[in-house]
Amino acid sequence: MTLALYVPRASVVHRLPAGAKLLALAVLAVALFVLPTLTAAGAALLGTLAVGLLVARLPVAVLARQARAVRWWLLALLVVHALTTDPRTGAHVALRLLTLVLAAAVVTATTRVSEMVAVVEWLSAPLRLVGVRPARVGLAITMALRFIPVLIERADRIREAQAARGGSPRGVRALRTTIAPLLVQVLQMAHDVSEALDARGADDVPPPRRRRRSPAVEVPR
Amino acid sequence: MKTRDLAYVALFAAIIAVLGTLPAINVGPVPITAQTLGVMLAGSVLGARRGFLAVLLFLVLVAVGLPLLASGAGGLAPFAGASAGYLYSWPLAAFVVGWLTERSWDRYDVLRGTLFNVVGGIVVIYAIGVPVLKAVTGLAWGPAFWTGAAVFVPGDLFKAVVAAAIADVVRRSYPVIDRPRRTAGSR
């Protein structure tokens, strides 16, 4: 799937288990808030860049893209802190934010979506106690991933049909003539998909453990 | 949970993802996107429980590394950024919208729906998003409110009306929320 942010490379970081990387990320986040100094944040940023660019050999563009996403925040932080508190605090807070965002981007770029989904299933295992079945979580993820291209295709088809008829309705009319009917259509589709899945045994609950009977005693009817 | 409910949950997670592909309007640091429209719709079409789960599922998809947020952001980075609080507030927002919608399902109309969307989809989101923004960035309350809430009010009001209008049509042609249970004996 080309949709993912995963960047394949043969590196130690890529080979680490997904759970370990997530744990490291959590530890880093806590550490950056417990040690609120400019040096700590700077060292963490350098460390993150070293791991991402040198060890995992990610392209600079991958990290630059995530940094670009928060550039206005960083700028706003520097300006507002320079005006209201002092520039040093601004630099520290901005550095911390940038470090966390980049570290998260490194984890995402070095871990396959399927591995992350496995971690999600594993994390949802304790939810068994409140009646959540981890396999159902996996099924929901799979269905959502399948629905995304289907939705895009259906919306495109409607747009093309309207263009062929000479333009699409706008404003409130568009709500009634296209968006709401489209929603009804896909709700129906989701319903059909669920029935097809149930017909193939998706709703099978593992039977409660019964007393084991010896086959010799079983009488064929 | 029935497979049907699971499919609805997955569908709305996908809808929120697709709404993220619509062009976002950039006003300062946080873009105005159509995705909160999806959050409001999830609540007002699916109800509290399934709406909550749909948005949660969407966030899981983002977290595992799919670039589904508006402007192609994804992975764990957005959950650490300054606007992380808004993301965390979304499932709760859908829940509140859904809960209010379920309670007056028999009398639902665009006006009521808009009101529910404002309470759940605007008030709840700001109430969580702005304090997190303040904590992450160390801004004062004033600037945090202006950059994190005030600029979004016009767009969010518009989305609240649109979501209610769509939900109203869907409610009449393909109701997903069950009628509220009557007390025993009244039916």
# chains A, B, ... in the order shown; residues from 1 in each chain; ligands from 1
>>> interface_residues(of="chain B", to="chain A", cutoff="7 Å", atoms="only C-alpha atoms", output="number ranges by chain")
B: 3-4, 6-8, 10-11, 13-14, 18, 28-29, 64-67, 75-77, 80-81, 137, 166, 169-170, 174
>>> write_last_selection(atoms="C-alpha atoms", output="compact mmCIF listing (two decimals), in the first residue's frame")
# COMPACT_ATOMS: atom_id res chain seq x y z
CA THR B 3 -20.62 -7.02 12.68
CA ARG B 4 -23.07 -4.47 11.26
CA LEU B 6 -18.48 -2.69 13.36
CA ALA B 7 -18.96 -1.99 9.64
CA TYR B 8 -20.67 1.35 10.38
CA ALA B 10 -15.26 1.40 10.04
CA LEU B 11 -17.26 3.32 7.44
CA ALA B 13 -13.59 6.20 10.25
CA ALA B 14 -13.06 6.00 6.48
CA VAL B 18 -11.63 10.95 3.05
CA GLY B 28 -2.31 30.54 10.89
CA PRO B 29 -0.94 27.51 12.67
CA VAL B 64 -0.27 3.44 13.14
CA GLY B 65 1.24 5.53 10.37
CA LEU B 66 -1.30 6.43 7.71
CA PRO B 67 -1.22 10.04 6.45
CA GLY B 75 1.85 8.79 12.31
CA LEU B 76 2.52 9.56 15.92
CA ALA B 77 3.84 13.08 15.35
CA ALA B 80 2.77 14.99 20.26
CA GLY B 81 2.28 18.35 18.55
CA THR B 137 3.28 25.67 23.97
CA ILE B 166 -27.04 15.89 6.23
CA VAL B 169 -31.84 13.71 5.54
CA VAL B 170 -30.11 10.46 6.49
CA TYR B 174 -31.86 5.45 6.44
>>> select_by_dssp(residues="chain B", states="strand (DSSP E or B)", output="PyMOL selection string")
chain B and resi 25-26+31-32
>>> select_by_dssp(residues="segment 4-84 of chain B", states="alpha helix (DSSP H)", output="MDAnalysis selection string")
chainID B and resid 4:19 35:46 48:63 77:80 84
>>> closest_residue(among="B:Phe158, B:Leu100, B:Leu53, B:Thr36", to="Val9 of chain B", atoms="only C-alpha atoms")
B:Leu53
>>> closest_residue(among="B:Phe58, B:Leu46, B:Val132, B:Lys159", to="Thr114 of chain B", atoms="only C-alpha atoms")
B:Lys159
>>> closest_residue(among="B:Ala164, B:Ser83, B:Glu102, B:Ser89", to="Gly148 of chain B", atoms="only C-alpha atoms")
B:Ser83
>>> closest_residue(among="A:His92, A:Arg128, A:Arg157, A:Arg68", to="Ala40 of chain A", atoms="only C-alpha atoms")
A:His92
>>> atom_distance(atom1="atom CA of Phe145 of chain B", atom2="atom CA of Ala93 of chain B")
18.6 Å
